[in-house]
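Asker: Provided herewith: structure09.cif, mmCIF, C-alpha atoms.
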```cif
data_work
#
loop_
_atom_site.label_atom_id
_atom_site.label_comp_id
_atom_site.auth_asym_id
_atom_site.auth_seq_id
_atom_site.Cartn_x
_atom_site.Cartn_y
_atom_site.Cartn_z
CA MET A 28 108.96 144.64 124.95
CA SER A 29 107.54 141.13 125.17
CA MET A 30 109.80 138.29 124.03
CA ASN A 31 106.82 137.34 121.91
CA ASP A 32 107.79 140.16 119.53
CA ASN A 33 111.14 138.47 118.85
CA TYR A 34 109.59 135.35 117.43
CA SER A 35 108.07 135.30 113.98
CA ASP A 36 105.33 132.89 112.94
CA GLU A 37 107.96 131.02 110.92
CA LYS A 38 110.05 130.52 114.05
CA LEU A 39 107.06 129.17 115.92
CA GLN A 40 106.36 126.90 113.00
CA LEU A 41 109.84 125.39 113.27
CA PHE A 42 109.16 124.68 116.93
CA VAL A 43 105.79 122.95 116.53
CA ASP A 44 107.07 120.93 113.55
CA ASP A 45 110.10 119.79 115.51
CA GLU A 46 112.50 121.42 113.07
CA MET A 47 114.48 123.47 115.61
CA ASN A 48 117.97 122.46 116.58
CA SER A 49 118.44 121.56 120.23
CA SER A 50 120.00 124.84 121.37
CA ASP A 51 117.33 126.98 119.70
CA ARG A 52 114.69 124.68 121.12
CA ALA A 53 116.00 125.06 124.68
CA GLU A 54 116.10 128.83 124.30
CA PHE A 55 112.60 128.86 122.85
CA MET A 56 111.23 126.69 125.65
CA GLU A 57 112.66 129.14 128.15
CA ALA A 58 110.99 132.01 126.31
CA ILE A 59 107.63 130.25 126.25
CA SER A 60 107.73 129.59 129.96
CA ASN A 61 108.20 133.31 130.60
CA ASP A 62 105.75 134.76 128.10
CA ASP A 63 102.05 133.93 128.13
CA GLU A 64 101.41 135.62 124.81
CA LEU A 65 104.10 133.59 123.09
CA SER A 66 102.81 130.47 124.79
CA ASN A 67 99.32 131.16 123.46
CA ARG A 68 100.62 131.55 119.91
CA VAL A 69 102.40 128.21 120.16
CA CYS A 70 99.27 126.57 121.59
CA GLU A 71 97.23 127.89 118.72
CA LEU A 72 99.60 126.33 116.19
CA ILE A 73 99.62 123.02 118.04
CA GLN A 74 95.83 123.07 118.08
CA LEU A 75 95.80 123.66 114.35
CA LYS A 76 97.98 120.58 113.89
CA ASP A 77 95.62 118.65 116.15
CA ALA A 78 92.65 119.79 114.08
CA VAL A 79 94.27 118.57 110.84
CA ARG A 80 95.07 115.20 112.40
CA LEU A 81 91.57 114.88 113.76
CA ALA A 82 90.05 115.76 110.38
CA TYR A 83 91.73 112.80 108.69
CA SER A 84 91.96 110.32 111.52
CA GLU A 85 89.15 108.31 109.95
CA PRO A 86 88.91 109.10 106.25
CA PRO A 87 85.85 107.65 104.51
CA LYS A 88 86.49 104.38 102.73
CA SER A 89 85.87 104.03 99.05
CA GLY A 90 83.49 101.30 97.97
CA HIS A 91 84.21 101.61 94.30
CA SER A 92 86.71 102.82 91.76
CA ALA A 93 86.38 106.42 90.63
CA THR A 94 87.14 105.46 87.09
CA HIS A 95 85.05 102.29 87.20
CA ARG A 96 87.86 100.33 85.68
CA ASP A 97 88.44 96.71 86.47
CA THR A 98 90.29 96.29 89.74
CA PRO A 99 90.73 92.54 90.11
CA PHE A 100 92.81 92.77 93.23
CA HIS A 101 91.96 94.43 96.48
CA THR A 102 94.32 97.18 97.54
CA TYR A 103 95.65 94.93 100.28
CA THR A 104 96.81 92.51 97.63
CA TRP A 105 98.74 95.31 96.02
CA LEU A 106 100.21 96.28 99.35
CA ASN A 107 101.26 92.69 99.87
CA ALA A 108 102.87 92.61 96.47
CA VAL A 109 104.62 95.93 96.89
CA ALA A 110 105.89 95.03 100.34
CA ALA A 111 107.26 91.73 99.17
CA VAL A 112 108.73 92.96 95.93
CA LEU A 113 110.37 95.95 97.55
CA LEU A 114 112.01 93.63 100.02
CA LEU A 115 113.12 91.51 97.11
CA ALA A 116 114.54 94.52 95.32
CA ILE A 117 116.29 95.97 98.33
CA GLY A 118 117.68 92.65 99.45
CA THR A 119 119.43 94.14 102.45
CA LEU A 120 116.81 93.94 105.15
CA GLY A 121 117.43 91.80 108.14
CA GLY A 122 116.21 88.24 108.16
CA TRP A 123 112.55 87.76 108.86
CA MET A 124 109.77 85.29 108.67
CA LEU A 125 106.07 85.76 108.60
CA TYR A 126 105.33 83.23 111.24
CA PRO A 127 105.98 84.98 114.56
CA GLN A 128 107.83 82.09 116.16
CA PHE A 129 110.55 82.27 113.55
CA GLY A 130 111.69 85.83 113.91
CA ALA A 131 111.12 89.54 114.02
CA SER A 132 108.54 91.47 112.09
CA ASN A 133 108.24 94.97 110.70
CA ASP A 134 105.59 97.09 108.94
CA ALA A 135 106.27 95.58 105.57
CA ILE A 136 105.96 92.12 107.02
CA SER A 137 102.73 93.04 108.68
CA MET A 138 101.34 94.04 105.32
CA ALA A 139 102.48 90.83 103.73
CA ALA A 140 101.14 88.78 106.61
CA VAL A 141 97.51 89.68 106.00
CA ASP A 142 95.22 86.68 106.36
CA GLN A 143 98.08 84.57 107.60
CA ALA A 144 95.71 82.10 109.18
CA GLN A 145 94.14 81.26 105.84
CA THR A 146 97.42 80.91 103.97
CA GLU A 147 97.50 77.83 101.80
CA LYS A 148 100.41 78.68 99.58
CA ILE A 149 103.80 80.07 100.46
CA ILE A 150 106.75 81.37 98.51
CA LEU A 151 110.11 80.86 100.17
CA HIS A 152 112.60 83.26 98.64
CA ILE A 153 116.32 82.72 99.05
CA SER A 154 119.03 85.04 97.77
CA LYS A 155 122.20 83.82 99.46
CA SER A 156 124.52 80.92 98.79
CA ASP A 157 124.04 79.52 102.24
CA PRO A 158 123.43 75.76 102.63
CA GLU A 159 122.41 76.12 106.26
CA GLN A 160 119.82 78.72 105.41
CA PHE A 161 118.53 76.73 102.47
CA THR A 162 118.28 73.60 104.60
CA ALA A 163 116.29 75.51 107.19
CA ALA A 164 113.96 76.68 104.43
CA LEU A 165 113.52 73.09 103.23
CA ASN A 166 112.74 71.97 106.77
CA TYR A 167 110.23 74.76 107.03
CA ALA A 168 108.62 73.73 103.75
CA GLU A 169 108.48 70.10 104.88
CA LYS A 170 106.85 71.06 108.14
CA PHE A 171 104.32 73.23 106.31
CA LEU A 172 103.43 70.46 103.85
CA THR A 173 103.25 67.83 106.59
CA GLU A 174 100.93 69.94 108.70
CA HIS A 175 98.77 70.98 105.78
CA LYS A 176 97.96 67.83 103.89
CA THR A 177 94.67 69.03 102.48
CA GLN A 178 94.23 69.82 98.83
CA GLY A 179 95.42 73.23 97.67
CA HIS A 180 98.49 73.75 99.78
CA GLN A 181 101.56 74.58 97.83
CA VAL A 182 105.13 75.73 98.34
CA ASP A 183 107.40 77.49 95.87
CA VAL A 184 111.08 77.75 96.71
CA VAL A 185 112.56 80.58 94.64
CA ALA A 186 116.29 81.19 94.44
CA HIS A 187 118.01 84.17 92.90
CA ALA A 188 121.41 85.89 93.15
CA GLY A 189 123.69 83.77 95.37
CA GLY A 190 120.82 81.39 96.14
CA LEU A 191 121.20 80.02 92.62
CA ASP A 192 124.20 77.95 93.80
CA MET A 193 121.89 75.86 95.95
CA MET A 194 120.02 74.73 92.84
CA ARG A 195 123.10 73.91 90.77
CA ALA A 196 123.58 70.17 90.33
CA ASP A 197 127.36 70.52 90.22
CA VAL A 198 127.97 72.48 93.42
CA SER A 199 124.89 72.33 95.65
CA PRO A 200 125.65 70.49 98.91
CA ILE A 201 121.93 69.93 99.41
CA ARG A 202 121.12 68.58 95.99
CA GLU A 203 119.94 65.28 97.42
CA GLN A 204 117.50 66.96 99.80
CA ILE A 205 116.02 69.03 96.99
CA VAL A 206 115.57 65.99 94.77
CA ALA A 207 114.06 64.04 97.66
CA MET A 208 111.58 66.80 98.36
CA MET A 209 110.52 66.94 94.72
CA ASP A 210 110.05 63.16 94.71
CA LYS A 211 108.10 63.15 97.96
CA TYR A 212 105.73 66.08 97.34
CA ASP A 213 103.80 67.00 94.21
CA ASN A 214 102.95 70.39 95.64
CA ILE A 215 106.45 71.79 96.08
CA HIS A 216 108.21 73.53 93.22
CA PHE A 217 111.72 74.85 93.00
CA ILE A 218 112.42 77.83 90.78
CA ALA A 219 115.84 79.11 89.80
CA CYS A 220 115.72 82.76 88.70
CA ALA A 221 116.04 83.06 84.91
CA GLY A 222 117.78 86.40 85.39
CA ALA A 223 120.38 84.90 87.72
CA ILE A 224 120.97 82.06 85.22
CA LYS A 225 121.44 84.58 82.45
CA MET A 226 123.95 86.56 84.49
CA TYR A 227 125.86 83.42 85.44
CA THR A 228 126.00 82.35 81.81
CA LYS A 229 127.22 85.77 80.69
CA LYS A 230 129.90 85.82 83.36
CA ASN A 231 131.15 82.24 82.93
CA GLY A 232 130.51 81.65 79.26
CA VAL A 233 128.54 78.53 80.03
CA ALA A 234 125.07 77.91 81.45
CA PRO A 235 124.84 76.60 85.02
CA ASP A 236 123.93 72.95 85.49
CA ILE A 237 120.59 73.28 87.24
CA ILE A 238 119.12 70.31 89.15
CA GLN A 239 116.66 68.43 86.98
CA GLY A 240 113.08 69.34 87.77
CA VAL A 241 113.87 72.88 88.93
CA GLY A 242 111.94 75.52 86.98
CA THR A 243 113.94 78.10 85.07
CA ASP A 244 111.34 79.90 82.98
CA TYR A 245 110.85 83.08 84.99
CA THR A 246 112.87 85.62 86.93
CA ALA A 247 112.38 85.56 90.70
CA PHE A 248 110.82 89.01 90.44
CA ASP A 249 108.25 88.00 87.81
CA HIS A 250 107.46 84.71 89.52
CA ILE A 251 106.86 86.26 92.94
CA VAL A 252 104.82 89.16 91.62
CA GLY A 253 102.77 86.77 89.49
CA ARG A 254 102.02 84.53 92.46
CA LEU A 255 101.07 87.40 94.74
CA GLN A 256 98.75 88.85 92.15
CA THR A 257 96.82 85.61 91.85
CA GLY A 258 95.96 85.75 95.55
CA GLY A 259 96.26 83.15 98.30
CA TRP A 260 100.05 83.28 98.35
CA LYS A 261 102.20 84.47 101.19
CA TYR A 262 105.72 85.69 100.55
CA ILE A 263 108.50 84.72 102.95
CA LYS A 264 112.06 85.87 102.57
CA VAL A 265 114.35 83.41 104.27
CA GLU A 266 117.47 84.89 105.72
CA SER A 267 117.84 83.73 109.28
CA ILE A 268 115.82 80.71 110.20
CA LYS A 269 117.44 79.50 113.38
CA GLU A 270 115.42 76.39 113.96
CA ILE A 271 112.29 74.67 112.81
CA MET B 20 98.73 106.32 105.58
CA LEU B 21 98.92 106.54 101.79
CA TYR B 22 95.14 106.47 101.49
CA ARG B 23 94.79 109.10 104.22
CA LEU B 24 97.24 111.36 102.42
CA ALA B 25 95.54 110.82 99.08
CA TYR B 26 92.15 111.55 100.58
CA SER B 27 93.41 114.72 102.28
CA TRP B 28 94.60 115.97 98.89
CA CYS B 29 91.58 115.14 96.76
CA HIS B 30 88.74 114.72 99.29
CA ASN B 31 87.18 112.05 97.13
CA PRO B 32 87.26 108.50 98.55
CA ALA B 33 87.01 106.75 95.19
CA LEU B 34 89.69 108.92 93.62
CA ALA B 35 91.93 108.48 96.68
CA ASP B 36 91.53 104.72 96.27
CA ASP B 37 92.53 104.97 92.61
CA LEU B 38 95.52 107.17 93.36
CA VAL B 39 96.82 104.69 95.94
CA GLN B 40 96.38 101.80 93.52
CA ASP B 41 98.15 103.74 90.76
CA ALA B 42 100.98 104.50 93.17
CA MET B 43 101.23 100.82 94.10
CA VAL B 44 101.44 99.77 90.46
CA LYS B 45 104.19 102.32 89.81
CA ALA B 46 106.03 101.24 92.96
CA LEU B 47 105.95 97.67 91.73
CA LYS B 48 107.27 98.61 88.32
CA ASN B 49 110.06 100.69 89.82
CA ALA B 50 110.81 98.53 92.84
CA ARG B 51 114.46 98.19 91.92
CA GLN B 52 114.96 101.96 92.24
CA LEU B 53 114.50 101.77 95.99
CA LYS B 54 117.92 101.20 97.51
CA ASP B 55 117.31 102.14 101.12
CA ALA B 56 114.59 100.33 103.05
CA ALA B 57 114.35 103.17 105.55
CA ALA B 58 113.30 105.52 102.75
CA ILE B 59 110.27 103.50 101.68
CA LYS B 60 107.72 105.81 103.32
CA GLY B 61 109.02 108.90 101.56
CA TRP B 62 109.52 107.01 98.31
CA LEU B 63 105.94 105.77 98.22
CA SER B 64 104.66 109.24 99.16
CA LYS B 65 106.65 110.75 96.31
CA ILE B 66 105.13 108.26 93.87
CA LEU B 67 101.68 109.06 95.24
CA ALA B 68 102.33 112.79 94.80
CA ASN B 69 103.31 112.19 91.18
CA CYS B 70 100.12 110.20 90.60
CA TRP B 71 98.18 113.12 92.06
CA TYR B 72 99.99 115.54 89.71
CA ASP B 73 99.22 113.28 86.74
CA HIS B 74 95.59 113.32 87.71
CA LEU B 75 95.63 117.12 88.10
CA ARG B 76 97.20 117.58 84.69
CA ARG B 77 94.52 115.45 83.08
CA TYR B 78 91.77 117.19 84.98
CA ARG B 79 93.03 120.75 84.73
CA GLU B 80 91.92 121.03 81.14
CA THR B 81 88.29 121.20 82.20
CA VAL B 82 88.11 122.19 85.84
CA ASP B 83 89.71 124.74 88.15
CA LEU B 84 91.12 122.33 90.67
CA ASP B 85 91.38 124.79 93.50
CA LYS B 86 87.68 125.38 93.18
CA LEU B 87 86.56 121.77 93.30
CA PRO B 88 83.71 121.33 95.77
CA TYR B 89 84.49 119.49 98.95
CA GLU B 90 82.69 116.15 98.90
CA GLU B 91 80.77 115.84 102.16
CA THR B 92 80.26 112.41 103.63
CA ALA B 93 77.37 111.33 105.78
CA SER B 94 77.54 111.31 109.55
CA ALA B 95 75.08 110.38 112.24
CA GLY B 96 74.19 110.02 115.89
CA ASP B 97 76.59 110.56 118.76
CA GLU B 98 79.41 111.39 116.41
CA HIS B 99 77.62 114.50 115.20
CA GLU B 100 79.69 117.05 117.08
CA LYS B 101 82.99 115.48 116.17
CA GLN B 102 81.90 115.01 112.58
CA ASP B 103 80.87 118.65 112.40
CA ILE B 104 84.40 119.76 113.29
CA VAL B 105 85.96 117.15 111.05
CA SER B 106 83.84 118.23 108.10
CA ARG B 107 84.58 121.90 108.60
CA VAL B 108 88.33 121.40 108.92
CA ARG B 109 88.34 119.16 105.84
CA ALA B 110 86.42 121.83 103.94
CA MET B 111 88.94 124.46 105.04
CA ILE B 112 91.84 122.33 103.87
CA ALA B 113 90.05 121.53 100.61
CA GLU B 114 89.90 125.27 99.94
CA LEU B 115 93.67 125.67 100.24
CA PRO B 116 95.73 125.75 97.03
CA VAL B 117 96.99 122.29 96.08
CA GLY B 118 100.61 122.99 97.07
CA GLN B 119 99.66 124.24 100.54
CA ARG B 120 97.22 121.36 101.00
CA GLN B 121 99.98 118.85 100.28
CA VAL B 122 102.61 120.30 102.61
CA ILE B 123 100.23 120.75 105.53
CA THR B 124 99.06 117.13 105.31
CA LEU B 125 102.55 115.74 104.73
CA VAL B 126 103.85 117.48 107.84
CA ASP B 127 100.81 117.11 110.12
CA LEU B 128 99.42 113.72 109.03
CA ALA B 129 102.47 111.84 107.85
CA GLY B 130 105.01 113.53 110.11
CA PHE B 131 107.60 114.14 107.41
CA SER B 132 110.41 116.62 108.01
CA TYR B 133 110.70 119.70 105.80
CA VAL B 134 113.65 118.15 103.97
CA GLU B 135 111.69 114.96 103.30
CA ILE B 136 108.71 116.93 102.02
CA ALA B 137 110.98 118.96 99.74
CA ASP B 138 112.22 115.69 98.25
CA ILE B 139 108.74 114.20 97.93
CA LEU B 140 107.33 117.27 96.18
CA ASP B 141 110.55 118.14 94.37
CA VAL B 142 110.57 121.74 95.59
CA PRO B 143 113.10 123.73 97.67
CA VAL B 144 112.89 123.49 101.47
CA GLY B 145 112.19 127.23 101.58
CA THR B 146 109.10 126.68 99.45
CA VAL B 147 107.94 123.96 101.84
CA MET B 148 108.32 126.32 104.79
CA SER B 149 106.54 129.23 103.14
CA ARG B 150 103.68 126.99 101.99
CA ILE B 151 103.23 125.60 105.49
CA SER B 152 103.27 129.10 106.91
CA ARG B 153 100.71 130.38 104.40
CA ALA B 154 98.51 127.31 104.88
CA ARG B 155 98.43 127.72 108.65
CA LYS B 156 97.71 131.44 108.41
CA ALA B 157 94.82 130.70 106.07
CA LEU B 158 93.48 127.97 108.34
CA ARG B 159 93.64 130.27 111.35
CA VAL B 160 91.66 132.91 109.48
CA LYS B 161 89.11 130.38 108.25
CA LEU B 162 88.80 128.91 111.72
CA ALA B 163 88.16 132.34 113.18
CA ASP B 164 85.61 133.08 110.43
CA TYR B 165 83.85 129.82 111.16
CA ASP B 166 83.46 130.64 114.83
CA PRO B 167 84.59 133.96 116.30
CA ARG B 168 84.61 132.19 119.63
CA HIS B 169 86.97 129.60 118.20
CA ASP B 170 88.38 128.99 121.65
CA ILE B 171 85.24 126.90 122.00
CA LEU B 172 86.07 124.97 118.84
CA ARG B 173 89.60 124.40 120.07
CA ALA B 174 88.28 123.19 123.37
CA LYS B 175 86.07 120.72 121.50
CA ILE B 176 89.00 119.43 119.52
CA ARG B 177 90.94 118.87 122.72
CA ARG B 178 87.99 117.18 124.35
CA ILE B 179 87.28 114.89 121.43
CA LYS B 180 90.89 113.78 121.25
#
```
Please express the file's structure as structure tokens.
Answerer:
Amino acid sequence: MSMNDNYSDEKLQLFVDDEMNSSDRAEFMEAISNDDELSNRVCELIQLKDAVRLAYSEPPKSGHSATHRDTPFHTYTWLNAVAAVLLLAIGTLGGWMLYPQFGASNDAISMAAVDQAQTEKIILHISKSDPEQFTAALNYAEKFLTEHKTQGHQVDVVAHAGGLDMMRADVSPIREQIVAMMDKYDNIHFIACAGAIKMYTKKNGVAPDIIQGVGTDYTAFDHIVGRLQTGGWKYIKVESIKEI
Amino acid sequence: MLYRLAYSWCHNPALADDLVQDAMVKALKNARQLKDAAAIKGWLSKILANCWYDHLRRYRETVDLDKLPYEETASAGDEHEKQDIVSRVRAMIAELPVGQRQVITLVDLAGFSYVEIADILDVPVGTVMSRISRARKALRVKLADYDPRHDILRAKIRRIK
């Protein structure tokens, strides 16, 4: 009897889909090497997988909406927004920057970094009570505004969660730098998350003393999503800027 | 990848585009539900699958979805041979029942494990395995029907890759 008879189609399926455990896989590999018929069955399944991959390797692109509804934003814009907002929601990813010289990148960053060269407006998002990190972000913003003096460039510095401390007049060790930046540049805006303010107030029974001139009208989530949907904005989560 | 999956399910570029956009909107609205960054691929695929189901439910009232015609797209020139195979395989997959179509593309295109697919489609792992098995058996039969000498077809697929 051929060993081929001992292996059902379902067993072969586990092999080609990489669902076999290591011991079964080793045993199966041994069987294949000794049984041409079994080997042919496996090859046929692998070729089927290849055919499916080939069939959709270059799917046709859509030039219009099937429902003909208004779609003001290109899909890429949505991908940008989703990537950024998911990072915002998760809040546990490693530090990253969109500019390559400042750190690592990943798939989500790649999506958010579309049209980096044309970026005129950036959102710097900070979620930790970390003066060093916030200072690095301010230095980054200053460099960006200094190097891009033409009309239209803009920087939003958005703080939520622990980052709110950096925008509190009573405790922020970098209050003076923030005020100086606001005085020096018309095109930089600081936003303290309305949700974080609400939580602080609920917890402490009193509203935080936010630095004068810092916006408090929107949550970080709403502000960032709103910016990304208008186009031209690039989202940067600041967690580990080592140097500027 | 999301667009490729959506297209492999519906075989309509414009609808695939809409499904991806719908999935993106839902992902945005539910962003806070995602706790594990590593799970984002499966999470987005699950949302896309739900958008596809929503579309099917709306559409099922008037059309037998498993009998929807495959929408052929134009091809030309040197790519003719490759496009011929691509079109035929797409047509074969389009003829599969929706459930089988989804699992075969999730495992072969997106590379999800059976457990991940079970979570995305909200079905037992055993169902995933049986659907994959049935889908592949059907594809093998269709492939053989298309060309009794399908060794030649397979050789072409290898060569084109």
Asker: Looking at all atoms listed in the file, which of A:Asn33, A:Ser60, A:Asn67, A:Gln74 is the one that sits closest to chain B?
Answerer: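 Under the stated criterion, the closest residue is A:Gln74.
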Asker: Between A:Glu203, A:Asp197, A:Asp249, A:Glu147, which residue has the minimum interatomic distance to Ala221 (chain A), considering all atoms listed in the file?
Answerer: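 Looking at the shortest contact to Ala221 (chain A), the residue is A:Asp249.
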Asker: Could you please determine the separation between CA of Asp127 (chain B) and CA of Val105 (chain B) in Å, to one decimal place?
Answerer: 14.9 Å
Asker: Within 6 Å of chain A, which residues of chain B show up? Give each one with its shortest atom-to-atom distance in Å (one decimal) and the two atoms involved, counting all atoms listed in the file, rows by chain then rising residue number, as CSV.
Answerer:
```
residue,atom,partner,partner_atom,distance
B:Pro32,CA,A:Ser89,CA,4.7
B:Ala33,CA,A:Ala93,CA,4.6
B:Leu34,CA,A:Ala93,CA,5.1
B:Leu47,CA,A:Val109,CA,5.6
B:Ala50,CA,A:Leu113,CA,5.4
B:Arg51,CA,A:Ala116,CA,5.0
B:Lys54,CA,A:Ile117,CA,5.5
B:Val105,CA,A:Ala82,CA,4.4
B:Arg109,CA,A:Ala82,CA,5.9
B:Asp127,CA,A:Lys76,CA,5.9
B:Leu128,CA,A:Arg80,CA,5.7
```
Asker: Tell me which residues the PyMOL selection byres ((chain A and resi 177-191) around 7) grabs here, as a list in words.
Answerer: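 Output from the PyMOL selection byres ((chain A and resi 177-191) around 7), applied to this file: Glu147, Lys148, Ile149, Ile150, Leu151, His152, Ile153, Ser154, Lys155, Ser156, Ala168, His175, Lys176, Asp192, Met193, Met194, Arg195, Asn214, Ile215, His216, Phe217, Ile218, Ala219, Cys220, Ala223 and Ala247 of chain A.
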Asker: When the PyMOL selection byres ((chain B and resi 28) around 12) is applied to the structure above, which residues does it catch, written out as JSON, numbers by chain?
Answerer: {"A": [83, 86], "B": [21, 22, 23, 24, 25, 26, 27, 29, 30, 31, 32, 34, 35, 36, 38, 39, 67, 68, 70, 71, 72, 74, 75, 84, 85, 87, 89, 90, 109, 110, 111, 112, 113, 114, 115, 116, 117, 118, 119, 120, 121, 122, 123, 124, 125, 128]}
Asker: Output C-alpha atoms of each residue in that selection to a file, as a PDB file, in the frame of the given file.
Answerer:
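And here's part.pdb as it stands now:
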```pdb
ATOM      1  CA  TYR A  83      91.730 112.800 108.690  1.00  0.00           C
ATOM      2  CA  PRO A  86      88.910 109.100 106.250  1.00  0.00           C
TER       3      PRO A  86
ATOM      4  CA  LEU B  21      98.920 106.540 101.790  1.00  0.00           C
ATOM      5  CA  TYR B  22      95.140 106.470 101.490  1.00  0.00           C
ATOM      6  CA  ARG B  23      94.790 109.100 104.220  1.00  0.00           C
ATOM      7  CA  LEU B  24      97.240 111.360 102.420  1.00  0.00           C
ATOM      8  CA  ALA B  25      95.540 110.820  99.080  1.00  0.00           C
ATOM      9  CA  TYR B  26      92.150 111.550 100.580  1.00  0.00           C
ATOM     10  CA  SER B  27      93.410 114.720 102.280  1.00  0.00           C
ATOM     11  CA  CYS B  29      91.580 115.140  96.760  1.00  0.00           C
ATOM     12  CA  HIS B  30      88.740 114.720  99.290  1.00  0.00           C
ATOM     13  CA  ASN B  31      87.180 112.050  97.130  1.00  0.00           C
ATOM     14  CA  PRO B  32      87.260 108.500  98.550  1.00  0.00           C
ATOM     15  CA  LEU B  34      89.690 108.920  93.620  1.00  0.00           C
ATOM     16  CA  ALA B  35      91.930 108.480  96.680  1.00  0.00           C
ATOM     17  CA  ASP B  36      91.530 104.720  96.270  1.00  0.00           C
ATOM     18  CA  LEU B  38      95.520 107.170  93.360  1.00  0.00           C
ATOM     19  CA  VAL B  39      96.820 104.690  95.940  1.00  0.00           C
ATOM     20  CA  LEU B  67     101.680 109.060  95.240  1.00  0.00           C
ATOM     21  CA  ALA B  68     102.330 112.790  94.800  1.00  0.00           C
ATOM     22  CA  CYS B  70     100.120 110.200  90.600  1.00  0.00           C
ATOM     23  CA  TRP B  71      98.180 113.120  92.060  1.00  0.00           C
ATOM     24  CA  TYR B  72      99.990 115.540  89.710  1.00  0.00           C
ATOM     25  CA  HIS B  74      95.590 113.320  87.710  1.00  0.00           C
ATOM     26  CA  LEU B  75      95.630 117.120  88.100  1.00  0.00           C
ATOM     27  CA  LEU B  84      91.120 122.330  90.670  1.00  0.00           C
ATOM     28  CA  ASP B  85      91.380 124.790  93.500  1.00  0.00           C
ATOM     29  CA  LEU B  87      86.560 121.770  93.300  1.00  0.00           C
ATOM     30  CA  TYR B  89      84.490 119.490  98.950  1.00  0.00           C
ATOM     31  CA  GLU B  90      82.690 116.150  98.900  1.00  0.00           C
ATOM     32  CA  ARG B 109      88.340 119.160 105.840  1.00  0.00           C
ATOM     33  CA  ALA B 110      86.420 121.830 103.940  1.00  0.00           C
ATOM     34  CA  MET B 111      88.940 124.460 105.040  1.00  0.00           C
ATOM     35  CA  ILE B 112      91.840 122.330 103.870  1.00  0.00           C
ATOM     36  CA  ALA B 113      90.050 121.530 100.610  1.00  0.00           C
ATOM     37  CA  GLU B 114      89.900 125.270  99.940  1.00  0.00           C
ATOM     38  CA  LEU B 115      93.670 125.670 100.240  1.00  0.00           C
ATOM     39  CA  PRO B 116      95.730 125.750  97.030  1.00  0.00           C
ATOM     40  CA  VAL B 117      96.990 122.290  96.080  1.00  0.00           C
ATOM     41  CA  GLY B 118     100.610 122.990  97.070  1.00  0.00           C
ATOM     42  CA  GLN B 119      99.660 124.240 100.540  1.00  0.00           C
ATOM     43  CA  ARG B 120      97.220 121.360 101.000  1.00  0.00           C
ATOM     44  CA  GLN B 121      99.980 118.850 100.280  1.00  0.00           C
ATOM     45  CA  VAL B 122     102.610 120.300 102.610  1.00  0.00           C
ATOM     46  CA  ILE B 123     100.230 120.750 105.530  1.00  0.00           C
ATOM     47  CA  THR B 124      99.060 117.130 105.310  1.00  0.00           C
ATOM     48  CA  LEU B 125     102.550 115.740 104.730  1.00  0.00           C
ATOM     49  CA  LEU B 128      99.420 113.720 109.030  1.00  0.00           C
TER      50      LEU B 128
END
```
Asker: Using Å and a single decimal, report how far CA of Met209 (chain A) sits from CA of Thr173 (chain A).
Answerer: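 One can read the CA of Thr173 (chain A) to CA of Met209 (chain A) distance as 13.9 Å.
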